[in-house]
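Colleague: Supplied structure: work.txt, compact mmCIF, C-alpha atoms.
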```txt
# COMPACT_ATOMS: atom_id res chain seq x y z
CA MET V 1315 -57.98 -57.75 53.33
CA PRO V 1316 -57.40 -60.30 56.11
CA PHE V 1317 -60.58 -62.17 56.97
CA ASP V 1318 -60.76 -63.82 60.36
CA TYR V 1319 -62.25 -67.21 59.53
CA LEU V 1320 -61.79 -68.98 62.85
CA PRO V 1321 -64.43 -67.01 64.83
CA VAL V 1322 -66.96 -67.58 62.03
CA PHE V 1323 -66.27 -71.31 61.98
CA ALA V 1324 -66.50 -71.37 65.79
CA GLU V 1325 -69.88 -69.64 65.61
CA LYS V 1326 -71.10 -72.11 63.02
CA ALA V 1327 -69.88 -75.07 65.05
CA ALA V 1328 -71.49 -73.88 68.28
CA GLY V 1329 -72.98 -76.84 70.13
CA LYS V 1330 -70.96 -79.39 68.20
CA PRO V 1331 -67.92 -81.19 69.60
CA VAL V 1332 -64.78 -79.08 69.47
CA ARG V 1333 -62.80 -79.77 66.32
CA LYS V 1334 -59.32 -81.02 67.11
CA LEU V 1335 -56.46 -80.11 64.84
CA VAL V 1336 -54.39 -83.13 64.00
CA HIS V 1337 -50.67 -83.12 63.51
CA PRO V 1338 -49.26 -85.50 60.93
CA SER V 1339 -47.53 -88.51 62.41
CA GLN V 1340 -44.75 -88.37 59.84
CA LYS V 1341 -42.75 -85.55 58.35
CA ALA V 1342 -44.26 -84.58 55.00
CA TRP V 1343 -41.43 -83.62 52.73
CA HIS V 1344 -40.12 -84.91 49.44
CA PRO V 1345 -37.55 -83.41 47.08
CA LEU V 1346 -38.97 -81.43 44.18
CA VAL V 1347 -38.61 -81.92 40.47
CA ARG V 1348 -35.60 -80.07 39.09
CA ASP V 1349 -37.72 -77.43 37.43
CA LEU V 1350 -41.34 -76.91 36.46
CA THR V 1351 -40.77 -77.83 32.85
CA SER V 1352 -40.13 -81.39 33.99
CA ALA V 1353 -43.21 -81.53 36.23
CA ARG V 1354 -46.04 -83.91 35.44
CA ILE V 1355 -48.82 -82.75 37.73
CA ALA V 1356 -51.94 -84.23 39.31
CA LEU V 1357 -54.63 -82.22 41.08
CA LEU V 1358 -56.23 -83.31 44.33
CA THR V 1359 -59.45 -81.65 45.46
CA SER V 1360 -61.37 -82.05 48.70
CA ALA V 1361 -64.53 -80.66 47.08
CA ALA V 1362 -66.10 -84.13 46.76
CA VAL V 1363 -66.80 -83.80 43.06
CA ARG V 1364 -67.38 -86.91 40.97
CA THR V 1365 -68.70 -87.94 37.60
CA PRO V 1366 -72.43 -88.73 37.45
CA ASP V 1367 -71.83 -92.46 37.01
CA GLN V 1368 -69.53 -92.81 40.03
CA PRO V 1369 -70.82 -93.80 43.49
CA ARG V 1370 -71.82 -90.78 45.51
CA PHE V 1371 -69.70 -89.62 48.41
CA VAL V 1372 -71.24 -89.79 51.85
CA PRO V 1373 -69.98 -86.73 53.75
CA PRO V 1374 -68.55 -86.02 56.17
CA GLU V 1375 -66.71 -89.20 57.21
CA ASP V 1376 -66.28 -90.82 53.80
CA THR V 1377 -62.57 -91.51 53.12
CA SER V 1378 -62.96 -92.88 49.60
CA TYR V 1379 -61.82 -91.05 46.49
CA ARG V 1380 -62.79 -90.79 42.83
CA ALA V 1381 -60.65 -90.45 39.71
CA ILE V 1382 -61.80 -87.49 37.60
CA PRO V 1383 -60.81 -87.19 33.92
CA ALA V 1384 -58.26 -84.46 33.29
CA GLU V 1385 -60.16 -83.00 30.34
CA PRO V 1386 -62.89 -80.71 31.76
CA ASP V 1387 -65.29 -81.07 28.86
CA SER V 1388 -65.10 -84.86 28.74
CA THR V 1389 -67.65 -85.36 31.50
CA ASP V 1390 -70.16 -83.58 33.68
CA LEU V 1391 -69.57 -83.40 37.40
CA VAL V 1392 -71.68 -83.78 40.52
CA MET V 1393 -70.66 -82.27 43.81
CA ASP V 1394 -71.44 -84.08 47.06
CA HIS V 1395 -69.77 -81.63 49.44
CA ARG V 1396 -72.38 -79.94 51.60
CA SER V 1397 -70.67 -76.60 52.12
CA PRO V 1398 -72.80 -73.63 51.02
CA LEU V 1399 -69.66 -72.38 49.27
CA GLY V 1400 -70.34 -75.08 46.70
CA LEU V 1401 -72.90 -72.85 44.97
CA THR V 1402 -70.00 -70.95 43.38
CA LEU V 1403 -68.20 -74.13 42.44
CA ARG V 1404 -71.30 -75.28 40.55
CA ARG V 1405 -71.03 -72.21 38.35
CA ASP V 1406 -67.43 -73.04 37.53
CA PRO V 1407 -65.47 -75.90 39.16
CA GLU V 1408 -62.26 -74.28 37.93
CA VAL V 1409 -62.37 -71.93 40.93
CA VAL V 1410 -61.08 -74.79 43.07
CA PHE V 1411 -60.29 -77.55 40.57
CA PRO V 1412 -58.25 -75.86 37.81
CA ARG V 1413 -58.06 -78.60 35.22
CA ALA V 1414 -58.32 -76.25 32.24
CA ALA V 1415 -55.67 -73.94 33.69
CA LEU V 1416 -53.33 -76.90 34.12
CA ILE V 1417 -53.86 -77.98 30.51
CA SER V 1418 -53.14 -74.43 29.38
CA LEU V 1419 -49.85 -74.36 31.31
CA ALA V 1420 -48.85 -77.62 29.64
CA LYS V 1421 -49.72 -76.28 26.19
CA ARG V 1422 -47.55 -73.23 26.90
CA GLY V 1423 -44.68 -75.50 27.87
CA LEU V 1424 -44.47 -74.24 31.44
CA ILE V 1425 -44.98 -77.77 32.77
CA ALA V 1426 -44.22 -81.15 31.22
CA GLY V 1427 -47.74 -82.48 31.42
CA TYR V 1428 -50.56 -83.64 33.65
CA ALA V 1429 -52.11 -86.85 34.89
CA SER V 1430 -54.80 -88.54 32.82
CA SER V 1431 -56.97 -88.41 35.94
CA HIS V 1432 -57.07 -86.12 38.93
CA PHE V 1433 -58.52 -87.17 42.29
CA SER V 1434 -61.38 -86.01 44.44
CA PHE V 1435 -62.40 -86.75 48.02
CA VAL V 1436 -64.47 -85.32 50.88
CA GLY V 1437 -62.95 -82.46 52.86
CA GLY V 1438 -63.92 -81.31 56.32
CA THR V 1439 -63.92 -84.82 57.73
CA ARG V 1440 -63.15 -85.53 61.35
CA ASN V 1441 -62.12 -89.08 60.48
CA HIS V 1442 -58.43 -88.27 60.66
CA TYR V 1443 -57.42 -91.87 61.20
CA GLY V 1444 -59.21 -92.85 58.00
CA VAL V 1445 -57.54 -90.03 56.10
CA GLU V 1446 -54.07 -91.07 57.17
CA GLN V 1447 -54.55 -94.84 57.02
CA GLU V 1448 -56.90 -95.24 54.04
CA LEU V 1449 -57.32 -92.14 51.91
CA ALA V 1450 -53.72 -90.91 51.78
CA PRO V 1451 -52.13 -94.30 50.98
CA GLY V 1452 -54.80 -94.92 48.35
CA LEU V 1453 -54.13 -91.58 46.68
CA ALA V 1454 -50.37 -92.12 46.86
CA GLY V 1455 -50.79 -95.40 45.01
CA GLU V 1456 -52.91 -93.74 42.33
CA LEU V 1457 -50.39 -90.93 41.88
CA LYS V 1458 -47.63 -93.47 41.46
CA LYS V 1459 -49.66 -95.26 38.77
CA GLU V 1460 -50.23 -91.93 37.04
CA ASN V 1461 -46.47 -91.45 36.99
CA VAL V 1462 -46.73 -87.89 38.27
CA ASN V 1463 -43.88 -86.17 40.08
CA LEU V 1464 -45.88 -83.30 41.56
CA ALA V 1465 -49.32 -83.23 43.22
CA LEU V 1466 -51.24 -80.05 43.97
CA LEU V 1467 -53.91 -80.30 46.66
CA VAL V 1468 -56.53 -77.55 46.61
CA PRO V 1469 -58.48 -77.63 49.88
CA PHE V 1470 -62.15 -76.75 49.68
CA MET J 670 -52.61 -74.69 57.87
CA VAL J 671 -49.92 -73.67 60.33
CA GLU J 672 -50.88 -76.48 62.69
CA VAL J 673 -51.35 -79.14 60.04
CA ARG J 674 -47.97 -78.45 58.41
CA SER J 675 -48.49 -79.43 54.82
CA PRO J 676 -45.28 -80.02 52.84
CA ARG J 677 -45.41 -76.80 50.86
CA ALA J 678 -48.37 -74.43 51.01
CA VAL J 679 -49.24 -71.16 49.34
CA PHE J 680 -51.98 -68.86 50.55
CA VAL J 681 -54.23 -66.83 48.28
CA ASP J 682 -56.15 -64.20 50.20
CA TYR J 683 -59.39 -64.75 48.30
CA PRO J 684 -62.74 -65.65 49.87
CA ALA J 685 -63.05 -69.30 50.82
CA GLY J 686 -64.14 -71.50 47.93
CA ARG J 687 -62.65 -69.21 45.23
CA THR J 688 -58.99 -70.16 45.46
CA PHE J 689 -58.32 -69.46 41.80
CA GLY J 690 -60.55 -66.41 41.46
CA PRO J 691 -64.08 -65.59 40.35
CA PRO J 692 -65.99 -68.09 38.18
CA LYS J 693 -65.62 -67.99 34.40
CA GLU J 694 -62.30 -66.11 34.43
CA PRO J 695 -59.90 -68.70 32.97
CA GLU J 696 -56.96 -66.34 32.55
CA HIS J 697 -57.26 -65.36 36.19
CA HIS J 698 -57.31 -69.03 37.25
CA GLU J 699 -54.22 -69.69 35.18
CA ARG J 700 -52.32 -66.76 36.69
CA ILE J 701 -52.99 -68.02 40.20
CA LEU J 702 -51.99 -71.58 39.32
CA ALA J 703 -48.77 -70.45 37.63
CA ALA J 704 -47.90 -68.19 40.56
CA ALA J 705 -48.44 -71.04 43.03
CA LEU J 706 -46.20 -73.38 41.07
CA HIS J 707 -43.48 -70.76 40.71
CA GLU J 708 -43.22 -70.56 44.52
CA LEU J 709 -42.13 -74.18 44.79
CA PRO J 710 -38.34 -73.68 44.58
CA PHE J 711 -38.42 -71.24 47.49
CA PHE J 712 -39.53 -73.73 50.14
CA THR J 713 -36.72 -74.92 52.36
CA GLU J 714 -38.55 -77.09 54.91
CA TRP J 715 -41.99 -78.57 55.50
CA GLY J 716 -44.73 -76.51 57.08
CA GLN J 717 -43.85 -73.24 55.39
CA ILE J 718 -46.66 -71.12 53.94
CA ARG J 719 -45.90 -68.55 51.27
CA ASN J 720 -48.33 -65.77 50.41
CA LEU J 721 -49.24 -65.03 46.82
CA PRO J 722 -49.46 -61.31 45.89
CA PHE J 723 -53.09 -61.23 44.79
CA GLU J 724 -55.92 -59.13 46.19
CA TRP J 725 -59.64 -59.77 45.81
CA GLU J 726 -61.00 -56.84 43.84
CA SER J 727 -63.72 -54.84 45.55
CA GLY J 728 -66.23 -55.38 42.71
CA ASN J 729 -66.02 -59.17 42.94
CA GLN J 730 -68.61 -61.26 44.75
CA PRO J 731 -68.76 -62.12 47.51
CA SER J 732 -67.47 -58.98 49.11
CA TRP J 733 -65.48 -59.50 52.26
CA GLN J 734 -68.46 -58.04 54.12
CA THR J 735 -70.88 -60.68 52.84
CA LEU J 736 -68.52 -63.65 53.12
CA ARG J 737 -69.44 -64.13 56.78
CA GLU J 738 -73.12 -64.53 55.89
CA GLU J 739 -72.24 -67.00 53.19
CA LEU J 740 -70.10 -69.10 55.52
CA LEU J 741 -72.87 -69.17 58.12
CA ARG J 742 -75.51 -70.51 55.74
CA PRO J 743 -76.70 -74.02 56.60
CA PRO J 744 -75.07 -76.95 54.79
CA LEU J 745 -76.61 -77.92 51.47
CA THR J 746 -78.98 -80.86 51.65
CA GLY J 747 -81.28 -82.69 49.28
CA ALA J 748 -81.50 -82.13 45.56
CA PRO J 749 -79.11 -79.15 45.25
CA VAL J 750 -76.32 -81.35 46.53
CA GLU J 751 -76.86 -83.73 43.64
CA GLU J 752 -77.21 -81.04 41.00
CA LEU J 753 -75.36 -81.83 37.79
CA ILE J 754 -72.57 -79.45 36.82
CA ARG J 755 -72.79 -79.38 33.03
CA LEU J 756 -69.31 -79.39 31.52
CA ARG J 757 -69.42 -82.16 28.99
CA ASN J 758 -68.82 -81.26 25.38
CA PRO J 759 -72.18 -82.01 23.66
CA SER J 760 -70.37 -83.10 20.49
CA LEU J 761 -68.92 -86.12 22.29
CA PRO J 762 -70.67 -89.47 21.91
CA PRO J 763 -72.84 -90.53 24.86
```
Let me see the structure of the file written as structure tokens.
Modeller:
Amino acid sequence: MPFDYLPVFAEKAAGKPVRKLVHPSQKAWHPLVRDLTSARIALLTSAAVRTPDQPRFVPPEDTSYRAIPAEPDSTDLVMDHRSPLGLTLRRDPEVVFPRAALISLAKRGLIAGYASSHFSFVGGTRNHYGVEQELAPGLAGELKKENVNLALLVPF
Amino acid sequence: MVEVRSPRAVFVDYPAGRTFGPPKEPEHHERILAAALHELPFFTEWGQIRNLPFEWESGNQPSWQTLREELLRPPLTGAPVEELIRLRNPSLPP
């Protein structure tokens, strides 16, 4: 069933400055891995989750990121995102951050593997300059270090 | 998503915040993830959005009718924001 989100968001944002959609300054395209069985994958989430010992995020303009261990049961999580939708995520982070599902695909041989850490940051920011100039290059560097050839961003 | 033009995007018509399905349904999450990854070879240029063939079942929560109320709730503040999500295997050393 199609749900018309934009009027709801407009209602919620009434009285606040109009949100401007930003177009990327550079074309975002890179050739793919030959097939999924050669894909080593990292997850990116904008749900602002972190481990309890990491510095807290400061929404909404925070453009830092946190590395989150790939094994779901290796650490607890804390969520700093302020969206009321986060109540569901607290019951099961897999609904937007499918680390266990990714491990299962690797065990089944559908993908080559996954990063030792995935990455988390704050979504819904209006600090677009910070995202493009600080967050994105920082994440790109981390993905390179993780030696992944495919990144899956799940917006929250 | 259309305006932002991500490199390759798939859309799952599930309520916001439940991209991979209802909580505690690992097989469901895995099906969505596998379906998303299998779309990758079909993208020919940046900015395309491909729809995944999944429908939110009527018995799942939230219903489409109550999603609006959920989205309009005020942002979380205070202690609930910092609530610990317990995932850690208790058999692991501290």
Colleague: Within 8 Å of chain V, which residues of chain J come that close, and what is the closest atom pair and distance in Å for each? Count all atoms listed in the file and give it as JSON lines.
Modeller:
```
{"residue": "J:Glu672", "atom": "CA", "partner": "V:His1337", "partner_atom": "CA", "distance": 6.7}
{"residue": "J:Val673", "atom": "CA", "partner": "V:His1337", "partner_atom": "CA", "distance": 5.3}
{"residue": "J:Arg674", "atom": "CA", "partner": "V:His1337", "partner_atom": "CA", "distance": 7.4}
{"residue": "J:Ser675", "atom": "CA", "partner": "V:Ala1342", "partner_atom": "CA", "distance": 6.7}
{"residue": "J:Pro676", "atom": "CA", "partner": "V:Ala1342", "partner_atom": "CA", "distance": 5.1}
{"residue": "J:Asp682", "atom": "CA", "partner": "V:Pro1316", "partner_atom": "CA", "distance": 7.2}
{"residue": "J:Ala685", "atom": "CA", "partner": "V:Leu1399", "partner_atom": "CA", "distance": 7.5}
{"residue": "J:Gly686", "atom": "CA", "partner": "V:Leu1399", "partner_atom": "CA", "distance": 5.7}
{"residue": "J:Arg687", "atom": "CA", "partner": "V:Val1409", "partner_atom": "CA", "distance": 5.1}
{"residue": "J:Thr688", "atom": "CA", "partner": "V:Val1410", "partner_atom": "CA", "distance": 5.6}
{"residue": "J:Phe689", "atom": "CA", "partner": "V:Val1409", "partner_atom": "CA", "distance": 4.8}
{"residue": "J:Gly690", "atom": "CA", "partner": "V:Val1409", "partner_atom": "CA", "distance": 5.8}
{"residue": "J:Pro691", "atom": "CA", "partner": "V:Val1409", "partner_atom": "CA", "distance": 6.6}
{"residue": "J:Pro692", "atom": "CA", "partner": "V:Asp1406", "partner_atom": "CA", "distance": 5.2}
{"residue": "J:Lys693", "atom": "CA", "partner": "V:Asp1406", "partner_atom": "CA", "distance": 6.2}
{"residue": "J:Pro695", "atom": "CA", "partner": "V:Ala1415", "partner_atom": "CA", "distance": 6.8}
{"residue": "J:Glu696", "atom": "CA", "partner": "V:Ala1415", "partner_atom": "CA", "distance": 7.8}
{"residue": "J:His698", "atom": "CA", "partner": "V:Ala1415", "partner_atom": "CA", "distance": 6.3}
{"residue": "J:Glu699", "atom": "CA", "partner": "V:Ala1415", "partner_atom": "CA", "distance": 4.7}
{"residue": "J:Leu702", "atom": "CA", "partner": "V:Ala1415", "partner_atom": "CA", "distance": 7.1}
{"residue": "J:Ala703", "atom": "CA", "partner": "V:Leu1419", "partner_atom": "CA", "distance": 7.5}
{"residue": "J:Leu706", "atom": "CA", "partner": "V:Leu1350", "partner_atom": "CA", "distance": 7.6}
{"residue": "J:His707", "atom": "CA", "partner": "V:Leu1350", "partner_atom": "CA", "distance": 7.8}
{"residue": "J:Leu709", "atom": "CA", "partner": "V:Leu1346", "partner_atom": "CA", "distance": 7.9}
{"residue": "J:Pro710", "atom": "CA", "partner": "V:Leu1346", "partner_atom": "CA", "distance": 7.8}
{"residue": "J:Glu714", "atom": "CA", "partner": "V:Trp1343", "partner_atom": "CA", "distance": 7.5}
{"residue": "J:Trp715", "atom": "CA", "partner": "V:Trp1343", "partner_atom": "CA", "distance": 5.8}
{"residue": "J:Glu724", "atom": "CA", "partner": "V:Met1315", "partner_atom": "CA", "distance": 7.6}
{"residue": "J:Trp725", "atom": "CA", "partner": "V:Met1315", "partner_atom": "CA", "distance": 8.0}
{"residue": "J:Trp733", "atom": "CA", "partner": "V:Phe1317", "partner_atom": "CA", "distance": 7.3}
{"residue": "J:Arg737", "atom": "CA", "partner": "V:Val1322", "partner_atom": "CA", "distance": 6.8}
{"residue": "J:Glu739", "atom": "CA", "partner": "V:Pro1398", "partner_atom": "CA", "distance": 7.0}
{"residue": "J:Leu740", "atom": "CA", "partner": "V:Pro1398", "partner_atom": "CA", "distance": 6.9}
{"residue": "J:Leu741", "atom": "CA", "partner": "V:Lys1326", "partner_atom": "CA", "distance": 6.0}
{"residue": "J:Arg742", "atom": "CA", "partner": "V:Pro1398", "partner_atom": "CA", "distance": 6.3}
{"residue": "J:Pro743", "atom": "CA", "partner": "V:Pro1398", "partner_atom": "CA", "distance": 6.8}
{"residue": "J:Pro744", "atom": "CA", "partner": "V:Arg1396", "partner_atom": "CA", "distance": 5.1}
{"residue": "J:Leu745", "atom": "CA", "partner": "V:Arg1396", "partner_atom": "CA", "distance": 4.7}
{"residue": "J:Thr746", "atom": "CA", "partner": "V:Arg1396", "partner_atom": "CA", "distance": 6.7}
{"residue": "J:Val750", "atom": "CA", "partner": "V:Asp1394", "partner_atom": "CA", "distance": 5.6}
{"residue": "J:Glu751", "atom": "CA", "partner": "V:Val1392", "partner_atom": "CA", "distance": 6.0}
{"residue": "J:Glu752", "atom": "CA", "partner": "V:Val1392", "partner_atom": "CA", "distance": 6.2}
{"residue": "J:Leu753", "atom": "CA", "partner": "V:Val1392", "partner_atom": "CA", "distance": 5.0}
{"residue": "J:Ile754", "atom": "CA", "partner": "V:Leu1391", "partner_atom": "CA", "distance": 5.0}
{"residue": "J:Arg755", "atom": "CA", "partner": "V:Asp1390", "partner_atom": "CA", "distance": 5.0}
{"residue": "J:Leu756", "atom": "CA", "partner": "V:Asp1390", "partner_atom": "CA", "distance": 4.8}
{"residue": "J:Arg757", "atom": "CA", "partner": "V:Asp1387", "partner_atom": "CA", "distance": 4.3}
{"residue": "J:Asn758", "atom": "CA", "partner": "V:Asp1387", "partner_atom": "CA", "distance": 5.0}
{"residue": "J:Leu761", "atom": "CA", "partner": "V:Ser1388", "partner_atom": "CA", "distance": 7.6}
```
Colleague: Choose the residue, out of J:Pro684, J:Ala678, J:Val671, J:Gly716, that has the smallest atom-to-atom separation from J:Gln734; count only C-alpha atoms.
Modeller: J:Pro684
Colleague: Just to confirm, what's the straight-line distance from atom CA of V:Arg1354 to atom CA of V:Asn1463 in Å (one decimal)?
Modeller: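 These two atoms are separated by 5.6 Å.
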Colleague: Could you work out how far atom CA of J:Val681 lies from atom CA of J:Ser732, giving the answer in Å with one decimal?
Modeller: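 A separation of 15.4 Å between them.
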